[in-house]
file query_35.csv (CSV, C-alpha atoms)
chain,number,residue,atom,x,y,z
A,1,MET,CA,58.1,12.2,49.1
A,2,LEU,CA,57.8,13.3,52.7
A,3,ARG,CA,60.9,12.8,54.8
A,4,SER,CA,61.7,13.2,58.5
A,5,TYR,CA,65.3,14.1,57.6
A,6,ALA,CA,67.0,16.9,55.7
A,7,THR,CA,68.6,15.0,52.8
A,8,LYS,CA,68.2,11.9,50.7
A,9,ARG,CA,69.2,8.6,52.4
A,10,LEU,CA,72.4,6.8,51.4
A,11,HIS,CA,72.0,3.1,52.2
A,12,PHE,CA,73.0,-0.2,50.8
A,13,ALA,CA,71.7,-3.7,50.0
A,14,GLY,CA,74.1,-6.5,49.6
A,15,THR,CA,77.2,-4.9,47.9
A,16,ARG,CA,75.3,-2.0,46.2
A,17,PHE,CA,74.6,1.6,47.3
A,18,TYR,CA,71.4,3.4,46.9
A,19,LEU,CA,70.4,7.1,47.3
A,20,ASP,CA,66.7,6.9,48.4
A,21,ASP,CA,65.3,4.4,46.0
A,22,GLU,CA,67.8,4.9,43.1
A,23,PRO,CA,71.0,3.0,42.5
A,24,PHE,CA,73.9,5.2,43.5
A,25,TYR,CA,77.3,4.8,41.8
A,26,LEU,CA,79.8,6.0,44.5
A,27,GLN,CA,82.7,7.6,42.6
A,28,GLY,CA,84.6,9.5,45.2
A,29,LEU,CA,87.3,12.2,45.3
A,30,SER,CA,89.8,13.0,48.1
A,31,PHE,CA,89.3,16.6,49.4
A,32,PHE,CA,90.7,16.2,53.0
A,33,ASN,CA,91.0,19.9,53.6
A,34,ALA,CA,87.5,20.8,52.4
A,35,LEU,CA,86.2,22.0,55.8
A,36,PHE,CA,89.3,24.2,56.4
A,37,ASN,CA,89.8,25.7,52.9
A,38,GLU,CA,88.8,29.4,52.9
A,39,ALA,CA,88.3,29.6,49.1
A,40,PHE,CA,85.9,26.6,49.1
A,41,ASN,CA,84.0,28.0,52.1
A,42,ALA,CA,83.9,31.6,51.0
A,43,SER,CA,80.2,31.4,50.2
A,44,ALA,CA,77.4,29.0,49.4
A,45,GLU,CA,77.8,30.0,45.8
A,46,ALA,CA,81.6,29.1,45.9
A,47,ARG,CA,80.8,25.7,47.3
A,48,ARG,CA,78.0,25.0,44.8
A,49,GLU,CA,80.2,26.1,41.9
A,50,ARG,CA,83.0,23.7,43.0
A,51,LEU,CA,80.5,20.8,43.6
A,52,ALA,CA,79.0,21.4,40.2
A,53,THR,CA,82.5,21.1,38.7
A,54,PHE,CA,83.2,17.9,40.6
A,55,LYS,CA,79.8,16.4,39.5
A,56,ALA,CA,80.4,17.4,35.9
A,57,ASN,CA,83.6,15.4,36.0
A,58,GLY,CA,82.1,12.2,37.3
A,59,VAL,CA,82.4,12.7,41.1
A,60,THR,CA,79.5,11.7,43.3
A,61,MET,CA,81.1,11.7,46.7
A,62,LEU,CA,83.8,13.7,48.5
A,63,ARG,CA,86.0,12.3,51.3
A,64,VAL,CA,86.6,15.0,53.8
A,65,TRP,CA,88.5,15.0,57.1
A,66,CYS,CA,87.5,16.5,60.5
A,67,GLN,CA,91.1,16.7,61.8
A,68,TRP,CA,93.5,18.8,59.7
A,69,SER,CA,95.5,20.0,62.7
A,70,LEU,CA,98.6,18.3,61.4
A,71,ASP,CA,102.2,18.9,62.3
A,72,SER,CA,103.2,21.1,59.4
A,73,LYS,CA,106.8,20.0,59.5
A,74,ARG,CA,105.9,16.4,59.0
A,75,PHE,CA,102.8,17.0,56.9
A,76,PRO,CA,103.1,20.3,55.0
A,77,TYR,CA,99.7,20.0,53.4
A,78,ALA,CA,97.6,22.9,52.1
A,79,ASP,CA,95.5,24.5,54.9
A,80,ALA,CA,97.1,22.4,57.7
A,81,HIS,CA,97.0,24.4,60.9
A,82,PRO,CA,96.9,23.6,64.7
A,83,GLU,CA,93.3,25.1,64.9
A,84,HIS,CA,92.0,23.3,61.8
A,85,THR,CA,90.0,20.6,63.6
A,86,MET,CA,86.4,19.8,64.2
A,87,PHE,CA,87.1,19.0,67.9
A,88,THR,CA,88.3,20.6,71.0
A,89,PRO,CA,90.9,18.7,73.0
A,90,ASP,CA,88.1,17.3,75.2
A,91,GLY,CA,86.1,16.0,72.3
A,92,ALA,CA,83.5,18.8,71.9
A,93,VAL,CA,82.4,19.6,68.4
A,94,ARG,CA,83.3,23.1,67.1
A,95,ASP,CA,80.3,24.9,65.6
A,96,LEU,CA,82.2,26.8,62.9
A,97,TYR,CA,83.4,23.6,61.2
A,98,PHE,CA,80.3,21.6,61.8
A,99,ASP,CA,78.3,24.4,60.2
A,100,ARG,CA,80.5,24.2,57.2
A,101,LEU,CA,80.0,20.4,57.1
A,102,LYS,CA,76.2,20.8,57.4
A,103,ALA,CA,76.2,23.3,54.5
A,104,LEU,CA,78.3,20.9,52.4
A,105,LEU,CA,75.9,18.0,53.1
A,106,LEU,CA,72.9,20.1,52.1
A,107,GLU,CA,74.5,21.5,48.9
A,108,ALA,CA,75.8,18.0,48.0
A,109,ASP,CA,72.3,16.6,48.5
A,110,ALA,CA,70.9,19.1,46.0
A,111,MET,CA,73.2,17.5,43.4
A,112,ASP,CA,72.6,13.9,44.4
A,113,MET,CA,76.0,13.6,45.9
A,114,ALA,CA,77.3,12.1,49.2
A,115,ILE,CA,80.0,12.8,51.7
A,116,GLU,CA,82.4,10.5,53.5
A,117,ILE,CA,83.3,12.1,56.8
A,118,VAL,CA,86.6,10.9,58.4
A,119,LEU,CA,86.3,11.6,62.1
A,120,PHE,CA,89.9,11.0,63.2
A,121,SER,CA,93.3,10.5,61.5
A,122,HIS,CA,96.4,8.7,62.6
A,123,GLU,CA,98.4,11.8,61.8
A,124,CYS,CA,96.5,13.6,64.6
A,125,PHE,CA,96.5,10.7,67.1
A,126,GLU,CA,98.6,13.0,69.4
A,127,PHE,CA,96.1,15.8,69.7
A,128,PRO,CA,97.9,18.2,69.3
A,129,VAL,CA,100.8,17.5,71.8
A,130,ALA,CA,99.3,14.9,74.1
A,131,PRO,CA,97.3,11.7,73.3
A,132,PHE,CA,93.7,12.4,72.6
A,133,PRO,CA,92.2,9.9,75.1
A,134,LEU,CA,89.5,7.4,74.4
A,135,TRP,CA,86.8,9.2,76.4
A,136,ALA,CA,87.4,12.3,74.2
A,137,HIS,CA,87.2,10.3,71.0
A,138,GLU,CA,84.0,8.7,72.2
A,139,ARG,CA,82.5,12.1,73.1
A,140,ALA,CA,83.4,13.4,69.7
A,141,ALA,CA,82.0,10.4,67.9
A,142,GLU,CA,78.7,10.5,69.9
A,143,GLU,CA,78.3,14.3,69.4
A,144,MET,CA,79.0,14.0,65.7
A,145,ALA,CA,76.5,11.2,65.4
A,146,ASP,CA,73.9,13.3,67.2
A,147,ARG,CA,74.4,16.3,65.0
A,148,LEU,CA,74.5,14.4,61.8
A,149,LEU,CA,71.2,12.6,62.4
A,150,PRO,CA,69.2,14.7,59.9
A,151,TYR,CA,71.8,14.3,57.2
A,152,ARG,CA,71.5,10.9,55.6
A,153,ASN,CA,73.7,11.4,52.6
A,154,ALA,CA,76.9,10.6,54.5
A,155,ILE,CA,79.2,7.8,55.6
A,156,VAL,CA,81.0,8.1,58.9
A,157,GLN,CA,84.5,6.8,58.7
A,158,ILE,CA,86.1,6.4,62.2
A,159,TRP,CA,89.8,6.5,61.3
A,160,ASN,CA,92.1,7.3,58.4
A,161,GLU,CA,94.7,4.5,58.6
A,162,HIS,CA,94.3,3.7,62.2
A,163,SER,CA,92.6,1.1,64.4
A,164,ALA,CA,92.9,2.3,68.0
A,165,ASP,CA,89.6,1.6,69.8
A,166,ALA,CA,87.9,1.4,66.4
A,167,ALA,CA,85.2,-1.0,67.7
A,168,LYS,CA,84.4,1.1,70.7
A,169,LEU,CA,84.1,4.2,68.5
A,170,TYR,CA,81.9,2.3,66.0
A,171,GLU,CA,79.6,1.5,69.0
A,172,ALA,CA,79.7,5.1,70.1
A,173,VAL,CA,78.3,6.2,66.7
A,174,LYS,CA,75.7,3.4,66.6
A,175,ARG,CA,74.4,4.2,70.1
A,176,ARG,CA,73.3,7.6,68.8
A,177,ASP,CA,72.4,6.6,65.2
A,178,PHE,CA,72.0,2.9,64.6
A,179,LEU,CA,71.2,3.4,60.9
A,180,ARG,CA,74.3,5.4,60.1
A,181,ILE,CA,76.7,3.7,57.7
A,182,VAL,CA,80.0,3.4,59.6
A,183,ALA,CA,83.3,2.4,58.1
A,184,ASN,CA,87.0,2.5,59.1
A,185,SER,CA,90.2,2.7,57.2
A,186,PRO,CA,92.3,0.2,59.2
A,187,VAL,CA,95.9,0.3,60.2
A,188,ARG,CA,98.4,-1.9,58.3
A,189,SER,CA,97.8,-5.6,58.9
A,190,ASP,CA,99.1,-8.8,57.4
A,191,PHE,CA,97.1,-7.9,54.2
A,192,ARG,CA,98.5,-4.3,54.2
A,193,HIS,CA,95.5,-2.0,55.0
A,194,LEU,CA,92.8,-4.5,54.4
A,195,GLY,CA,91.8,-5.0,58.1
A,196,THR,CA,91.5,-8.1,60.3
A,197,ASP,CA,88.7,-10.5,60.0
A,198,GLU,CA,87.1,-9.1,63.2
A,199,HIS,CA,87.3,-5.6,61.8
A,200,ASN,CA,85.8,-6.5,58.4
A,201,ARG,CA,82.9,-8.4,60.0
A,202,LEU,CA,82.1,-5.5,62.3
A,203,PHE,CA,82.0,-2.5,60.0
A,204,ASP,CA,79.0,-1.8,57.8
A,205,ILE,CA,81.0,-1.3,54.7
A,206,LEU,CA,84.7,-1.8,54.0
A,207,THR,CA,87.0,1.1,53.0
A,208,PRO,CA,90.5,-0.4,52.6
A,209,HIS,CA,93.6,1.3,51.3
A,210,THR,CA,94.6,-1.2,48.7
A,211,ASN,CA,98.0,-2.1,47.4
A,212,ARG,CA,100.1,0.9,46.2
A,213,THR,CA,103.7,-0.5,46.4
A,214,ASP,CA,104.0,-3.5,44.2
A,215,ASP,CA,104.9,-3.1,40.5
A,216,GLU,CA,101.4,-4.1,39.3
A,217,TYR,CA,99.5,-2.5,42.2
A,218,PHE,CA,96.7,-1.6,39.9
A,219,ARG,CA,96.0,-5.3,39.3
A,220,LEU,CA,96.6,-6.4,42.8
A,221,ALA,CA,94.3,-3.7,44.3
A,222,ALA,CA,91.4,-5.0,42.3
A,223,LEU,CA,92.1,-8.6,43.4
A,224,GLN,CA,92.0,-7.4,47.0
A,225,VAL,CA,88.7,-5.7,46.5
A,226,GLN,CA,87.3,-8.8,44.8
A,227,MET,CA,88.5,-11.0,47.7
A,228,LEU,CA,86.8,-8.7,50.3
A,229,ILE,CA,83.5,-8.6,48.4
A,230,ALA,CA,83.5,-12.4,48.1
A,231,LYS,CA,84.4,-13.0,51.7
A,232,TYR,CA,82.2,-10.4,53.4
A,233,GLY,CA,79.3,-9.7,51.0
A,234,LYS,CA,79.2,-6.0,51.7
A,235,PRO,CA,80.1,-2.8,49.7
A,236,VAL,CA,83.9,-2.3,49.3
A,237,VAL,CA,85.3,1.1,48.5
A,238,ASP,CA,88.9,1.3,47.3
A,239,ASP,CA,89.4,4.3,49.6
A,240,GLU,CA,92.9,5.7,48.7
A,241,PRO,CA,94.2,4.1,45.5
A,242,ALA,CA,97.4,5.0,43.7
A,243,ARG,CA,98.5,8.6,43.3
A,244,THR,CA,101.1,10.4,41.2
A,245,GLY,CA,104.1,9.6,43.3
A,246,THR,CA,104.4,11.8,46.5
A,247,LEU,CA,106.9,9.4,48.0
A,248,GLN,CA,106.9,10.9,51.5
A,249,PHE,CA,103.2,10.3,51.8
A,250,GLY,CA,102.9,6.7,50.5
A,251,GLY,CA,103.1,7.3,46.8
A,252,ARG,CA,105.1,5.5,44.2
A,253,PRO,CA,107.5,6.8,41.6
A,254,GLY,CA,106.6,6.5,37.9
A,255,THR,CA,102.9,6.2,38.2
A,256,LYS,CA,101.0,7.2,35.1
A,257,PRO,CA,97.4,8.2,34.5
A,258,GLU,CA,96.7,5.0,32.7
A,259,HIS,CA,97.8,3.0,35.7
A,260,HIS,CA,95.2,4.8,37.9
A,261,ILE,CA,92.5,4.5,35.2
A,262,GLU,CA,93.3,0.8,34.9
A,263,GLN,CA,93.0,0.3,38.7
A,264,ILE,CA,89.6,2.1,38.7
A,265,ARG,CA,88.4,0.1,35.8
A,266,ARG,CA,89.4,-3.2,37.4
A,267,VAL,CA,87.9,-2.3,40.8
A,268,ARG,CA,84.7,-1.5,39.0
A,269,ALA,CA,84.8,-4.8,37.2
A,270,ALA,CA,85.3,-6.6,40.5
A,271,GLY,CA,82.1,-5.0,41.9
A,272,GLY,CA,83.8,-2.4,44.1
A,273,TYR,CA,83.7,1.4,44.3
A,274,HIS,CA,86.6,3.9,44.5
A,275,VAL,CA,87.8,7.3,45.7
A,276,TYR,CA,90.2,9.1,43.5
A,277,HIS,CA,93.2,10.0,45.6
A,278,HIS,CA,95.6,12.6,44.2
A,279,ASP,CA,98.2,15.1,45.4
A,280,MET,CA,96.4,18.4,44.9
A,281,PHE,CA,96.8,19.4,48.6
A,282,GLN,CA,99.5,17.1,49.9
A,283,LEU,CA,102.6,19.1,49.0
A,284,GLY,CA,101.4,22.5,50.2
A,285,TYR,CA,100.8,25.8,48.5
A,286,GLY,CA,103.3,26.6,45.8
A,287,ALA,CA,104.0,23.0,44.9
A,288,PRO,CA,103.6,22.4,41.1
A,289,THR,CA,100.8,19.8,41.7
A,290,VAL,CA,98.8,22.0,44.1
A,291,PRO,CA,96.3,24.5,42.7
A,292,PRO,CA,96.6,28.0,44.1
A,293,SER,CA,93.2,27.6,45.7
A,294,GLY,CA,94.1,24.4,47.5
A,295,ILE,CA,91.0,22.8,46.0
A,296,PRO,CA,91.1,19.8,43.7
A,297,ASP,CA,90.8,21.0,40.2
A,298,PRO,CA,90.1,18.5,37.4
A,299,SER,CA,91.9,20.7,34.8
A,300,PHE,CA,94.9,21.9,36.8
A,301,SER,CA,97.4,19.3,35.6
A,302,ALA,CA,97.6,17.1,32.5
A,303,TYR,CA,98.0,14.0,34.7
A,304,HIS,CA,94.8,14.6,36.7
A,305,ALA,CA,92.9,15.9,33.7
A,306,GLU,CA,93.4,12.6,31.9
A,307,VAL,CA,92.0,10.7,34.9
A,308,PHE,CA,89.1,13.1,35.3
A,309,ARG,CA,88.3,12.9,31.6
A,310,TRP,CA,88.0,9.1,31.9
A,311,LEU,CA,85.8,9.4,35.0
A,312,LYS,CA,83.6,11.9,33.1
A,313,GLU,CA,83.3,9.7,30.1
A,314,ASN,CA,82.6,6.5,32.1
A,315,ARG,CA,80.0,7.6,34.6
A,316,ARG,CA,77.9,4.9,36.3
A,317,TRP,CA,74.7,6.7,37.3

call {"tool": "encode", "arguments": {"input": "query_35.csv", "output": "structure tokens"}}
result
Amino acid sequence: MLRSYATKRLHFAGTRFYLDDEPFYLQGLSFFNALFNEAFNASAEARRERLATFKANGVTMLRVWCQWSLDSKRFPYADAHPEHTMFTPDGAVRDLYFDRLKALLLEADAMDMAIEIVLFSHECFEFPVAPFPLWAHERAAEEMADRLLPYRNAIVQIWNEHSADAAKLYEAVKRRDFLRIVANSPVRSDFRHLGTDEHNRLFDILTPHTNRTDDEYFRLAALQVQMLIAKYGKPVVDDEPARTGTLQFGGRPGTKPEHHIEQIRRVRAAGGYHVYHHDMFQLGYGAPTVPPSGIPDPSFSAYHAEVFRWLKENRRW
């Protein structure tokens, strides 16, 4: 089939995703440091090998961040560094990291995978020592939309857990690329991170961070997804479900693999999609849950291996 773009096209109809003309079961994996991890970006072969491992374990989408210039004292994550950001302080896009993203999009496309690109994070709202102003956010969003035009296997997510000027930044992307799927992970609201009615009507798809604090979060999260689908009639991605219990970063003690598997199973049954969020980069190099490479590894820990085994055995494509 002849195309005027460089990759297959991720799109949706109703509450279902498609990649070109084929149904696409979006089963995501958090890999926030992907653009800044030297082992992952050592070569095209290194990226392809890792992508093949992810795909073999049931993953069809990676969620990656453009801002990893975190305060290492507050967020001692693997690969966090003041220079690890897609953007200059005035909102220009840095070629080095965009070239890595472009390579990732093309290599993912070859494996019928997609990428969720998180432009900005609340952890970097002060950028790096003074507020990153709206005009710089708008410039960054517009330039990213322009550069991403040929690459259709991507979702642009405005914020991770933030809502500042989200509508204006949505409009900035749409001005340059009306057909781009644009989402936002909203800041805490009356329904935790589910977003306001205005927010949920505006964005193309919904990517909430569902319940992770109540005793039966794995049941409540699926009910939240079910409610959003019924009310808004668009795809809903459970974008950061429960993890192993990194308490300082929103986790919960005592989580078990079967809890996470049950949440994924229930979200699927409700008609939603999901991103597997874990702790393979959140505690920094040397932590027992972080692989030496800083890259999510399905076989690194018994906990994660159990979840990946279920994902592998219960593929939906």

call {"tool": "atom_distance", "arguments": {"input": "query_35.csv", "atom1": "CA of Glu45 (chain A)", "atom2": "CA of Glu83 (chain A)"}}
result
25.1 Å

call {"tool": "closest_residue", "arguments": {"input": "query_35.csv", "among": "A:Pro82, A:Gly28, A:Pro186, A:Pro89", "to": "Leu62 (chain A)", "atoms": "all atoms listed in the file"}}
result
A:Gly28

call {"tool": "atom_distance", "arguments": {"input": "query_35.csv", "atom1": "CA of Ile115 (chain A)", "atom2": "CA of Phe24 (chain A)"}}
result
12.7 Å

call {"tool": "atom_distance", "arguments": {"input": "query_35.csv", "atom1": "CA of Asp79 (chain A)", "atom2": "CA of Thr53 (chain A)"}}
result
21.0 Å

call {"tool": "residues_near_point", "arguments": {"input": "query_35.csv", "point": "(79.7, -4.3, 50.7)", "cutoff": "12 Å", "atoms": "all atoms listed in the file", "output": "VMD selection string"}}
result
chain A and resid 11 to 18 181 to 183 200 to 208 225 to 238 270 to 273

call {"tool": "closest_residue", "arguments": {"input": "query_35.csv", "among": "A:Leu26, A:Val118, A:Leu70, A:Val187", "to": "Ile158 (chain A)", "atoms": "all atoms listed in the file"}}
result
A:Val118

call {"tool": "closest_residue", "arguments": {"input": "query_35.csv", "among": "A:Leu134, A:Leu106, A:Met61, A:Leu223", "to": "Arg152 (chain A)", "atoms": "all atoms listed in the file"}}
result
A:Leu106

call {"tool": "residues_around", "arguments": {"input": "query_35.csv", "residues": "Ala56 (chain A)", "least_positions_apart": "3", "cutoff": "10 Å", "atoms": "all atoms listed in the file", "output": "short mmCIF file (atom, residue, chain, number, x, y, z; two decimals) with C-alpha atoms, keeping the file's coordinate frame"}}
result
data_model
loop_
_atom_site.label_atom_id
_atom_site.label_comp_id
_atom_site.auth_asym_id
_atom_site.auth_seq_id
_atom_site.Cartn_x
_atom_site.Cartn_y
_atom_site.Cartn_z
CA ARG A 50 83.00 23.70 43.00
CA LEU A 51 80.50 20.80 43.60
CA ALA A 52 79.00 21.40 40.20
CA THR A 53 82.50 21.10 38.70
CA VAL A 59 82.40 12.70 41.10
CA THR A 60 79.50 11.70 43.30
CA PRO A 298 90.10 18.50 37.40
CA PHE A 308 89.10 13.10 35.30
CA LEU A 311 85.80 9.40 35.00
CA LYS A 312 83.60 11.90 33.10
CA ARG A 315 80.00 7.60 34.60
#

call {"tool": "closest_residue", "arguments": {"input": "query_35.csv", "among": "A:Gln263, A:Ala78, A:His137, A:His193", "to": "Val290 (chain A)", "atoms": "only C-alpha atoms"}}
result
A:Ala78

call {"tool": "residues_around", "arguments": {"input": "query_35.csv", "residues": "region 292-296 of chain A", "least_positions_apart": "6", "cutoff": "9 Å", "atoms": "all atoms listed in the file", "output": "count of residues only"}}
result
20

call {"tool": "residues_around", "arguments": {"input": "query_35.csv", "residues": "Asp177 (chain A)", "least_positions_apart": "3", "cutoff": "8 Å", "atoms": "all atoms listed in the file", "output": "PDB file with C-alpha atoms, in the frame of the given file"}}
result
ATOM      1  CA  ALA A 145      76.500  11.200  65.400  1.00  0.00           C
ATOM      2  CA  ASP A 146      73.900  13.300  67.200  1.00  0.00           C
ATOM      3  CA  LEU A 149      71.200  12.600  62.400  1.00  0.00           C
ATOM      4  CA  VAL A 173      78.300   6.200  66.700  1.00  0.00           C
ATOM      5  CA  LYS A 174      75.700   3.400  66.600  1.00  0.00           C
ATOM      6  CA  ARG A 180      74.300   5.400  60.100  1.00  0.00           C
TER       7      ARG A 180
END

call {"tool": "residues_around", "arguments": {"input": "query_35.csv", "residues": "Trp310 (chain A)", "least_positions_apart": "2", "cutoff": "10 Å", "atoms": "only C-alpha atoms", "output": "PyMOL selection string"}}
result
chain A and resi 57-58+257-258+261+264-265+304-308+312-315

call {"tool": "closest_residue", "arguments": {"input": "query_35.csv", "among": "A:Ala166, A:Ala141, A:Leu105, A:Val275", "to": "Leu10 (chain A)", "atoms": "all atoms listed in the file"}}
result
A:Leu105

call {"tool": "residues_around", "arguments": {"input": "query_35.csv", "residues": "Tyr151 (chain A)", "least_positions_apart": "6", "cutoff": "7 Å", "atoms": "only C-alpha atoms", "output": "ChimeraX atom specification"}}
result
/A:5-7,105

call {"tool": "decode", "arguments": {"input": "query_35.csv", "residues": "region 113-122 of chain A", "atoms": "all heavy atoms", "output": "JSON list (two decimals), in the first residue's frame"}}
result
[["chain", "number", "residue", "atom", "x", "y", "z"],
["A", 113, "MET", "N", 4.56, -2.05, 16.28],
["A", 113, "MET", "CA", 4.43, -1.50, 17.62],
["A", 113, "MET", "C", 4.18, 0.00, 17.53],
["A", 113, "MET", "O", 4.38, 0.61, 16.48],
["A", 113, "MET", "CB", 5.69, -1.79, 18.45],
["A", 113, "MET", "CG", 5.96, -3.27, 18.68],
["A", 113, "MET", "SD", 7.52, -3.58, 19.56],
["A", 113, "MET", "CE", 7.11, -2.97, 21.21],
["A", 114, "ALA", "N", 3.76, 0.59, 18.64],
["A", 114, "ALA", "CA", 3.49, 2.02, 18.71],
["A", 114, "ALA", "C", 4.24, 2.62, 19.90],
["A", 114, "ALA", "O", 4.75, 1.90, 20.76],
["A", 114, "ALA", "CB", 1.99, 2.26, 18.85],
["A", 115, "ILE", "N", 4.29, 3.96, 19.93],
["A", 115, "ILE", "CA", 4.98, 4.69, 20.98],
["A", 115, "ILE", "C", 4.04, 5.76, 21.54],
["A", 115, "ILE", "O", 3.40, 6.49, 20.77],
["A", 115, "ILE", "CB", 6.26, 5.37, 20.47],
["A", 115, "ILE", "CG1", 7.19, 4.36, 19.78],
["A", 115, "ILE", "CG2", 6.98, 6.08, 21.60],
["A", 115, "ILE", "CD1", 7.75, 3.27, 20.68],
["A", 116, "GLU", "N", 3.95, 5.85, 22.86],
["A", 116, "GLU", "CA", 3.26, 6.97, 23.52],
["A", 116, "GLU", "C", 4.34, 7.94, 23.98],
["A", 116, "GLU", "O", 5.21, 7.58, 24.77],
["A", 116, "GLU", "CB", 2.43, 6.48, 24.71],
["A", 116, "GLU", "CG", 1.66, 7.60, 25.38],
["A", 116, "GLU", "CD", 0.81, 7.11, 26.54],
["A", 116, "GLU", "OE1", 1.36, 6.49, 27.48],
["A", 116, "GLU", "OE2", -0.42, 7.35, 26.52],
["A", 117, "ILE", "N", 4.30, 9.17, 23.46],
["A", 117, "ILE", "CA", 5.34, 10.17, 23.69],
["A", 117, "ILE", "C", 4.81, 11.19, 24.69],
["A", 117, "ILE", "O", 3.89, 11.96, 24.38],
["A", 117, "ILE", "CB", 5.72, 10.87, 22.38],
["A", 117, "ILE", "CG1", 6.16, 9.85, 21.33],
["A", 117, "ILE", "CG2", 6.81, 11.90, 22.62],
["A", 117, "ILE", "CD1", 6.19, 10.40, 19.92],
["A", 118, "VAL", "N", 5.38, 11.20, 25.89],
["A", 118, "VAL", "CA", 4.99, 12.15, 26.93],
["A", 118, "VAL", "C", 5.85, 13.40, 26.77],
["A", 118, "VAL", "O", 7.05, 13.36, 26.99],
["A", 118, "VAL", "CB", 5.17, 11.55, 28.33],
["A", 118, "VAL", "CG1", 4.64, 12.50, 29.39],
["A", 118, "VAL", "CG2", 4.48, 10.19, 28.43],
["A", 119, "LEU", "N", 5.23, 14.51, 26.37],
["A", 119, "LEU", "CA", 6.00, 15.73, 26.13],
["A", 119, "LEU", "C", 6.57, 16.32, 27.40],
["A", 119, "LEU", "O", 7.76, 16.63, 27.49],
["A", 119, "LEU", "CB", 5.13, 16.77, 25.42],
["A", 119, "LEU", "CG", 4.61, 16.43, 24.03],
["A", 119, "LEU", "CD1", 3.87, 17.63, 23.45],
["A", 119, "LEU", "CD2", 5.73, 15.99, 23.10],
["A", 120, "PHE", "N", 5.71, 16.51, 28.42],
["A", 120, "PHE", "CA", 6.12, 17.23, 29.62],
["A", 120, "PHE", "C", 5.70, 16.44, 30.86],
["A", 120, "PHE", "O", 4.72, 15.71, 30.83],
["A", 120, "PHE", "CB", 5.47, 18.62, 29.67],
["A", 120, "PHE", "CG", 5.55, 19.38, 28.38],
["A", 120, "PHE", "CD1", 4.41, 19.69, 27.65],
["A", 120, "PHE", "CD2", 6.78, 19.78, 27.86],
["A", 120, "PHE", "CE1", 4.47, 20.38, 26.46],
["A", 120, "PHE", "CE2", 6.86, 20.47, 26.66],
["A", 120, "PHE", "CZ", 5.70, 20.78, 25.96],
["A", 121, "SER", "N", 6.44, 16.63, 31.95],
["A", 121, "SER", "CA", 6.10, 15.96, 33.20],
["A", 121, "SER", "C", 6.01, 16.97, 34.33],
["A", 121, "SER", "O", 6.73, 17.97, 34.34],
["A", 121, "SER", "CB", 7.15, 14.90, 33.54],
["A", 121, "SER", "OG", 8.38, 15.51, 33.90],
["A", 122, "HIS", "N", 5.12, 16.68, 35.29],
["A", 122, "HIS", "CA", 4.99, 17.60, 36.41],
["A", 122, "HIS", "C", 6.27, 17.65, 37.22],
["A", 122, "HIS", "O", 6.57, 18.67, 37.86],
["A", 122, "HIS", "CB", 3.79, 17.23, 37.29],
["A", 122, "HIS", "CG", 4.04, 16.13, 38.27],
["A", 122, "HIS", "ND1", 4.57, 16.36, 39.52],
["A", 122, "HIS", "CD2", 3.82, 14.80, 38.19],
["A", 122, "HIS", "CE1", 4.67, 15.22, 40.17],
["A", 122, "HIS", "NE2", 4.23, 14.26, 39.39]]
